[in-house]
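Everything below belongs to coords_36.cif, which stores mmCIF, C-alpha atoms and all ligand atoms.
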data_upload
loop_
_atom_site.label_atom_id
_atom_site.label_comp_id
_atom_site.auth_asym_id
_atom_site.auth_seq_id
_atom_site.Cartn_x
_atom_site.Cartn_y
_atom_site.Cartn_z
CA MET U 1 -25.31 -64.06 -13.07
CA ILE U 2 -23.10 -61.14 -14.02
CA THR U 3 -22.63 -59.14 -10.84
CA GLU U 4 -22.78 -55.38 -10.70
CA ASN U 5 -19.12 -55.42 -9.72
CA THR U 6 -18.21 -57.20 -12.94
CA ARG U 7 -19.94 -54.48 -14.92
CA ILE U 8 -18.39 -51.70 -12.86
CA ASP U 9 -14.89 -53.22 -13.15
CA LEU U 10 -15.20 -53.36 -16.92
CA ALA U 11 -16.59 -49.81 -17.01
CA ARG U 12 -13.55 -48.64 -15.06
CA LYS U 13 -11.20 -50.40 -17.45
CA LEU U 14 -12.99 -48.75 -20.36
CA MET U 15 -12.77 -45.36 -18.68
CA ASN U 16 -9.03 -45.79 -18.14
CA GLU U 17 -8.58 -46.74 -21.76
CA ILE U 18 -10.60 -43.68 -22.80
CA LYS U 19 -8.38 -41.48 -20.66
CA GLU U 20 -5.32 -43.00 -22.27
CA ILE U 21 -6.72 -42.34 -25.73
CA SER U 22 -7.49 -38.74 -24.82
CA ASN U 23 -3.95 -38.30 -23.46
CA THR U 24 -2.33 -39.50 -26.68
CA ARG U 25 0.28 -37.04 -27.90
CA GLY U 26 -1.03 -34.71 -30.55
CA ILE U 27 -4.67 -35.81 -30.20
CA THR U 28 -6.10 -32.39 -29.33
CA LYS U 29 -4.28 -30.96 -32.33
CA GLN U 30 -5.41 -33.70 -34.68
CA ALA U 31 -8.95 -33.89 -33.25
CA PRO U 32 -9.79 -30.83 -31.08
CA GLU U 33 -13.47 -31.85 -31.03
CA ILE U 34 -12.50 -34.52 -28.54
CA ILE U 35 -12.34 -31.99 -25.69
CA PRO U 36 -16.10 -31.41 -25.16
CA ILE U 37 -16.63 -35.15 -25.50
CA MET U 38 -14.18 -35.87 -22.70
CA ASP U 39 -16.07 -33.36 -20.56
CA MET U 40 -19.12 -35.56 -20.95
CA VAL U 41 -17.52 -38.81 -19.79
CA HIS U 42 -16.30 -37.88 -16.33
CA GLU U 43 -17.20 -40.49 -13.74
CA ASP U 44 -19.79 -38.41 -11.87
CA GLY U 45 -21.85 -37.96 -15.00
CA LEU U 46 -21.85 -41.61 -16.00
CA ALA U 47 -24.14 -44.29 -14.60
CA VAL U 48 -23.23 -47.93 -15.09
CA LEU U 49 -26.54 -49.71 -15.53
CA ALA U 50 -27.27 -53.16 -14.21
CA PRO U 51 -30.56 -54.96 -14.80
CA ASP U 52 -32.52 -55.47 -11.60
CA PRO U 53 -33.06 -59.20 -10.90
CA GLU U 54 -36.09 -58.32 -8.76
CA ASP U 55 -37.72 -56.34 -11.52
CA PRO U 56 -36.74 -57.93 -14.83
CA SER U 57 -39.35 -56.05 -16.80
CA GLY U 58 -38.34 -52.63 -15.56
CA PHE U 59 -34.56 -52.66 -15.89
CA SER U 60 -34.77 -50.06 -13.21
CA ALA U 61 -31.98 -50.73 -10.75
CA THR U 62 -28.89 -48.79 -11.54
CA ARG U 63 -25.62 -48.49 -9.82
CA GLY U 64 -22.12 -47.57 -10.76
CA PHE U 65 -20.10 -44.47 -10.76
CA ALA U 66 -23.36 -42.76 -9.98
CA LYS U 67 -27.02 -43.66 -9.82
CA LYS U 68 -29.52 -43.13 -12.53
CA GLY U 69 -33.21 -43.90 -12.41
CA PHE U 70 -33.98 -45.54 -15.69
CA ASN U 71 -37.43 -44.09 -16.14
CA LYS U 72 -36.81 -40.56 -15.02
CA PRO U 73 -36.82 -38.15 -17.92
CA GLU U 74 -35.46 -35.35 -15.75
CA GLU U 75 -32.29 -37.35 -15.26
CA ASP U 76 -29.63 -36.17 -17.68
CA MET U 77 -26.93 -38.57 -16.55
CA LEU U 78 -25.54 -40.68 -19.36
CA GLY U 79 -26.11 -44.42 -18.88
CA LEU U 80 -23.68 -47.16 -19.83
CA TYR U 81 -25.08 -50.65 -20.20
CA LEU U 82 -22.37 -53.25 -20.76
CA VAL U 83 -24.21 -56.13 -22.33
CA PHE U 84 -23.23 -59.73 -21.51
CA PRO U 85 -24.54 -62.83 -23.34
CA GLU U 86 -26.65 -63.97 -20.39
CA ASP U 87 -28.46 -60.61 -20.39
CA THR U 88 -30.24 -61.80 -23.52
CA LYS U 89 -32.34 -64.06 -21.26
CA LEU U 90 -33.76 -61.04 -19.44
CA GLU U 91 -37.18 -59.67 -20.17
CA GLY U 92 -38.09 -56.11 -20.90
CA VAL U 93 -35.87 -53.38 -22.23
CA ALA U 94 -32.66 -54.90 -20.81
CA GLY U 95 -33.23 -58.17 -22.66
CA MET U 96 -34.20 -56.42 -25.88
CA TYR U 97 -31.14 -54.21 -25.80
CA ALA U 98 -28.96 -57.22 -25.05
CA LYS U 99 -30.38 -59.29 -27.91
CA LYS U 100 -29.86 -56.60 -30.50
CA THR U 101 -26.59 -54.92 -29.54
CA LYS U 102 -24.04 -56.23 -31.99
CA CYS U 103 -21.13 -54.04 -30.94
CA GLY U 104 -22.17 -50.59 -29.74
CA ALA U 105 -25.22 -48.35 -29.92
CA TYR U 106 -26.80 -45.31 -28.33
CA SER U 107 -30.46 -44.93 -27.49
CA SER U 108 -31.62 -41.36 -27.00
CA ALA U 109 -34.92 -42.68 -25.60
CA THR U 110 -33.07 -43.80 -22.47
CA HIS U 111 -29.92 -41.67 -22.91
CA THR U 112 -27.90 -44.86 -22.67
CA ILE U 113 -24.85 -46.22 -24.42
CA LEU U 114 -24.87 -49.95 -25.09
CA ILE U 115 -21.61 -51.82 -25.51
CA ASN U 116 -21.35 -55.55 -26.12
CA ALA U 117 -18.90 -56.50 -23.35
CA GLN U 118 -17.84 -59.66 -25.14
CA TYR U 119 -17.44 -58.31 -28.63
CA PRO U 120 -14.31 -60.03 -29.96
CA GLU U 121 -12.21 -56.88 -30.10
CA THR U 122 -9.52 -55.26 -27.97
CA LEU U 123 -10.42 -53.08 -25.00
CA ARG U 124 -8.92 -50.14 -26.87
CA TYR U 125 -11.29 -50.73 -29.78
CA LEU U 126 -14.27 -50.91 -27.40
CA ALA U 127 -13.14 -47.62 -25.87
CA PHE U 128 -13.07 -46.21 -29.38
CA VAL U 129 -16.64 -47.47 -29.94
CA PHE U 130 -17.56 -45.75 -26.70
CA PHE U 131 -16.22 -42.48 -28.13
CA HIS U 132 -18.42 -43.00 -31.16
CA GLU U 133 -21.56 -43.47 -29.05
CA VAL U 134 -20.73 -40.57 -26.72
CA GLN U 135 -20.72 -38.33 -29.77
CA HIS U 136 -24.25 -39.50 -30.62
CA ALA U 137 -25.25 -38.77 -27.01
CA GLN U 138 -23.71 -35.32 -27.21
CA ILE U 139 -25.53 -34.49 -30.46
CA ALA U 140 -28.85 -35.82 -29.08
CA GLN U 141 -28.40 -33.63 -26.03
CA LYS U 142 -27.62 -30.59 -28.13
CA GLU U 143 -30.69 -31.19 -30.30
CA GLY U 144 -32.99 -31.77 -27.32
CA ARG U 145 -33.76 -35.40 -28.21
CA VAL U 146 -32.70 -36.97 -24.93
CA TRP U 147 -35.47 -38.97 -23.18
CA LYS U 148 -37.78 -38.44 -26.11
CA GLN U 149 -39.26 -40.75 -28.69
CA THR U 150 -38.02 -39.75 -32.09
CA ASN U 151 -38.34 -41.13 -35.55
CA ARG U 152 -35.77 -39.41 -37.65
CA PRO U 153 -35.42 -39.70 -41.40
CA ARG U 154 -32.60 -41.92 -42.54
CA ASN U 155 -30.63 -39.14 -44.27
CA GLU U 156 -30.59 -37.13 -41.08
CA ARG U 157 -29.09 -40.09 -39.24
CA TYR U 158 -26.51 -40.63 -41.99
CA LYS U 159 -25.52 -36.98 -41.77
CA GLU U 160 -24.93 -37.45 -38.05
CA GLU U 161 -22.89 -40.60 -38.70
CA SER U 162 -20.76 -38.66 -41.13
CA LYS U 163 -19.94 -36.11 -38.45
CA VAL U 164 -19.20 -38.82 -35.88
CA TRP U 165 -16.93 -40.84 -38.19
CA THR U 166 -15.03 -37.70 -39.18
CA LEU U 167 -13.82 -37.30 -35.63
CA GLU U 168 -13.18 -41.05 -35.37
CA TYR U 169 -10.79 -41.12 -38.31
CA LYS U 170 -8.94 -38.15 -36.85
CA ILE U 171 -8.61 -39.85 -33.46
CA ALA U 172 -7.27 -42.95 -35.25
CA LEU U 173 -4.68 -40.76 -36.98
CA ALA U 174 -3.38 -39.57 -33.63
CA LEU U 175 -3.37 -43.12 -32.25
CA GLY U 176 -1.75 -44.79 -35.20
CA GLY U 177 1.51 -42.86 -35.53
CA MET U 178 3.59 -42.05 -38.60
CA LYS U 179 3.57 -45.44 -40.28
CA TYR U 180 -0.21 -45.65 -40.08
CA GLU U 181 -0.57 -42.11 -41.39
CA ARG U 182 1.57 -42.94 -44.42
CA ALA U 183 -0.49 -46.05 -45.14
CA ILE U 184 -3.86 -44.33 -44.90
CA ARG U 185 -2.71 -41.34 -46.95
CA LYS U 186 -1.63 -43.72 -49.67
CA ARG U 187 -5.02 -45.43 -49.62
CA ALA U 188 -6.83 -42.04 -49.58
CA LEU U 189 -4.91 -41.04 -52.71
CA SER U 190 -5.92 -44.17 -54.53
CA ILE U 191 -9.58 -43.81 -53.45
CA ASN U 192 -9.56 -40.26 -54.80
CA ARG U 193 -8.23 -41.56 -58.11
CA SER U 194 -11.07 -44.09 -58.32
CA TRP U 195 -13.57 -41.26 -57.67
CA GLN U 196 -12.06 -39.21 -60.48
CA ARG U 197 -12.32 -42.11 -62.87
CA GLU U 198 -15.79 -42.97 -61.54
CA ARG U 199 -14.62 -46.49 -61.19
CA ALA U 200 -15.89 -48.83 -58.47
CA ASP U 201 -13.32 -49.68 -55.83
CA THR U 202 -13.84 -52.84 -53.82
CA GLY U 203 -11.41 -52.05 -51.04
CA SER U 204 -7.84 -52.97 -50.28
CA GLY U 205 -8.21 -55.42 -47.38
CA GLU U 206 -5.83 -53.36 -45.29
CA GLY U 207 -7.66 -53.53 -41.97
CA PHE U 208 -4.41 -54.77 -40.40
CA GLN U 209 -3.14 -51.19 -40.62
CA LEU U 210 -5.50 -50.40 -37.76
CA ASP U 211 -3.48 -52.69 -35.48
CA ALA U 212 -1.31 -49.59 -34.97
CA CYS U 213 -4.32 -47.78 -33.49
CA PHE U 214 -6.18 -50.52 -31.62
CA GLY U 215 -3.72 -53.38 -31.07
CA LYS U 216 -3.76 -56.64 -32.98
CA ALA U 217 -7.22 -57.80 -34.10
CA PRO U 218 -8.11 -60.68 -31.76
CA SER U 219 -10.65 -62.45 -34.01
CA LEU U 220 -11.77 -63.03 -37.57
CA VAL U 221 -14.83 -60.85 -36.93
CA ALA U 222 -12.52 -58.02 -35.85
CA LYS U 223 -10.30 -58.46 -38.90
CA LYS U 224 -13.25 -58.25 -41.28
CA GLU U 225 -14.71 -55.24 -39.56
CA ARG U 226 -11.34 -53.48 -39.52
CA ASP U 227 -11.08 -53.96 -43.30
CA MET U 228 -14.32 -51.98 -43.61
CA THR U 229 -13.34 -49.40 -41.03
CA PHE U 230 -10.00 -48.73 -42.70
CA GLU U 231 -11.74 -48.15 -46.04
CA LEU U 232 -14.20 -45.80 -44.37
CA PHE U 233 -11.43 -43.83 -42.66
CA ALA U 234 -9.48 -43.59 -45.92
CA ALA U 235 -12.54 -42.43 -47.87
CA PHE U 236 -13.30 -39.78 -45.26
CA MET U 237 -9.71 -38.62 -45.31
CA ALA U 238 -9.74 -38.48 -49.12
CA ALA U 239 -12.95 -36.41 -49.01
CA ASP U 240 -11.39 -33.91 -46.59
CA LEU U 241 -8.07 -33.76 -48.47
CA PHE U 242 -9.21 -33.59 -52.07
CA LEU U 243 -12.79 -32.30 -52.26
CA ASP U 244 -14.39 -28.96 -51.50
CA LYS U 245 -16.44 -28.81 -48.32
CA MET U 246 -19.83 -29.49 -49.88
CA SER U 247 -18.71 -32.35 -52.11
CA ALA U 248 -16.79 -33.83 -49.18
CA GLU U 249 -19.94 -33.87 -47.07
CA GLU U 250 -21.93 -35.46 -49.90
CA ARG U 251 -19.29 -38.08 -50.49
CA LYS U 252 -19.09 -38.96 -46.81
CA ILE U 253 -22.86 -39.37 -46.52
CA LYS U 254 -22.87 -41.56 -49.60
CA THR U 255 -20.10 -43.73 -48.10
CA ILE U 256 -22.08 -44.08 -44.86
CA GLU U 257 -25.25 -44.89 -46.78
CA VAL U 258 -23.61 -47.79 -48.62
CA LEU U 259 -21.92 -49.17 -45.51
CA TYR U 260 -24.90 -48.82 -43.19
CA SER U 261 -27.52 -50.13 -45.55
CA GLN U 262 -25.39 -53.27 -45.94
CA ASN U 263 -24.27 -53.75 -42.36
CA TYR U 264 -25.63 -51.69 -39.55
CA ASP U 265 -29.06 -50.40 -40.31
CA ARG U 266 -30.93 -53.27 -38.68
CA GLU U 267 -29.49 -52.18 -35.36
CA ASP U 268 -30.53 -48.59 -36.03
CA LEU U 269 -34.04 -49.55 -37.02
CA PHE U 270 -34.34 -51.62 -33.88
CA LEU U 271 -33.49 -48.62 -31.76
CA GLU U 272 -36.14 -46.61 -33.55
CA ASN U 273 -38.54 -49.43 -32.86
CA ILE U 274 -37.81 -49.44 -29.14
CA ARG U 275 -38.65 -45.78 -29.10
CA GLU U 276 -41.97 -46.46 -30.73
CA THR U 277 -43.08 -49.52 -28.80
CA ASN U 278 -41.70 -48.84 -25.35
CA ASN U 279 -42.34 -45.67 -23.55
CA VAL U 280 -38.92 -45.57 -21.94
ZN ZN O 301 -23.03 -44.21 -35.08
#
What does this structure look like when you write it as structure tokens?
Amino acid sequence: MITENTRIDLARKLMNEIKEISNTRGITKQAPEIIPIMDMVHEDGLAVLAPDPEDPSGFSATRGFAKKGFNKPEEDMLGLYLVFPEDTKLEGVAGMYAKKTKCGAYSSATHTILINAQYPETLRYLAFVFFHEVQHAQIAQKEGRVWKQTNRPRNERYKEESKVWTLEYKIALALGGMKYERAIRKRALSINRSWQRERADTGSGEGFQLDACFGKAPSLVAKKERDMTFELFAAFMAADLFLDKMSAEERKIKTIEVLYSQNYDREDLFLENIRETNNV
């Protein structure tokens, strides 16, 4: 059984990593949007969730930096559920979340961020995923979707992803340093050329460049995913550098659409499904 302390310890390590990322030199210049996000992840506003062994169906017990009642819509505290493999044996919402969380996700229905604690990536990368999901939480809060069941059209979700990934590539720029910046600029240039020629580009397999941002990829899964992430970052950078604002937005959404329909959308659809079938 994963104890609450195990979850809280890992949450603390993640928080420290997040603080380190936010203290990186030049980050507020490169990505000023990070400031309101950091305001959201202070320890008093974050509840580390732990499934309740006495009430497996309810997933109601919560402890951590602060307490959060899982079924209380008036509660605006952001939840963090660090999913471990044995959580998949649980019943109810906790088990469902655990079974379906590949790497990271955010559910507005429960205002909770889900992170796979044993995803084969570095702690820094997981902290980066956390940033991604906090942005979704922030947008949901702004749009009044927290603690509500929603069923949003796909293009609306892709538009949100485009916004979230824009900040992510900027954070990576601050983390990666000069050598990384040169590499991604070079790739952005070549992606722009392929757009101009309307020629398909299958990617450059340069995920290793992200080692400068996140540390060395610790697994084959990480390496493959970083190849995709690097291409996404480079495409987003190319859109911002070489296209006018409207075309850049269109291009980014198109990039997200291709990537998500091939890789991530099952996770998204699952979260929609939870909203529909479970009144949580
Ligand atoms: Zn996302």
Practice prompt. Step by step, measure atom-to-atom distances between ligand ZN 301 (chain O) and each residue using all atoms listed in the file, keep those at most 8 Å, then write them as a PyMOL selection string.
Written response: chain U and resi 105-106+132-133+136+160-161+164-165
Compile the contact shell of Asn192 in chain U as a PDB file with C-alpha atoms, in the coordinates of the input: residues with an atom at most 6 Å away, counting all atoms listed in the file, same-chain residues fewer than 3 positions apart removed.
ATOM      1  CA  LEU U 189      -4.910 -41.040 -52.710  1.00  0.00           C
ATOM      2  CA  TRP U 195     -13.570 -41.260 -57.670  1.00  0.00           C
ATOM      3  CA  ALA U 238      -9.740 -38.480 -49.120  1.00  0.00           C
TER       4      ALA U 238
END
Worksheet entry | Gap from CA of Arg226 in chain U to CA of Val83 in chain U - Å, one decimal |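 Between these atoms lies a distance of 21.6 Å.
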Practice prompt. For range 184-186 of chain U, list every protein, DNA or RNA residue within 9 Å, evaluated using all atoms listed in the file, and leave out those in the same chain fewer than 2 positions away; present the list as a list of chain:residue names.
Written response: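 Residues meeting the cut-off are U:Leu173, U:Lys179, U:Tyr180, U:Glu181, U:Arg182, U:Ala188, U:Leu189, U:Ser190, U:Ile191, U:Gln209, U:Phe230, U:Glu231, U:Phe233, U:Ala234, U:Met237, U:Ala238.
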Discussion item. Using all atoms listed in the file, can you tell me which of U:Ser107, U:Val93, U:Glu121, U:Ile113 comes closest to Ala47 in chain U?
Written reply: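 Ranked by minimum distance to Ala47 in chain U, first place goes to U:Ile113.
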Fill in: Nearest-residue call for Gln118 in chain U, choices U:Val134, U:Leu10, U:Met77, U:Leu220, using all atoms listed in the file
U:Leu10
Fill in: Residues near range 85-88 of chain U, cut-off 9 Å, only C-alpha atoms, skip fewer than 5 positions along chain, as a list in words
Met1, Ile2, Pro51, Ala94, Gly95, Met96, Tyr97, Ala98, Lys99, Lys100, Asn116, Ala117 and Gln118 of chain U
Item to complete: Excluding range 248-254 of chain U and residues on its chain fewer than 3 positions from it, collect all residues at most 7 Å away from it, counting all atoms listed in the file, and give them as a PyMOL selection string.
Response: chain U and resi 158-159+162+236+239-240+243-245+257-258
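Interatomic distance, CA of Leu167 in chain U against CA of Ala140 in chain U: 16.5 Å.
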Worksheet entry | Option closest in space to Gln141 in chain U, from U:His42, U:His111, U:Arg193, U:Arg7 [counting only C-alpha atoms] |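 Of U:His42, U:His111, U:Arg193, U:Arg7, the one nearest Gln141 in chain U, counting only C-alpha atoms, is U:His111.
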Fill in: Proximity to Tyr125 in chain U - best of U:Ala11, U:Ala31, U:Ala235, U:Ala217, all atoms listed in the file
U:Ala217
Discussion item. I'd like the interatomic distance between CA of Ala109 in chain U and CA of Thr255 in chain U, to a tenth of an Å.
Written reply: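 CA of Thr255 in chain U lies at a distance of 27.0 Å from CA of Ala109 in chain U.
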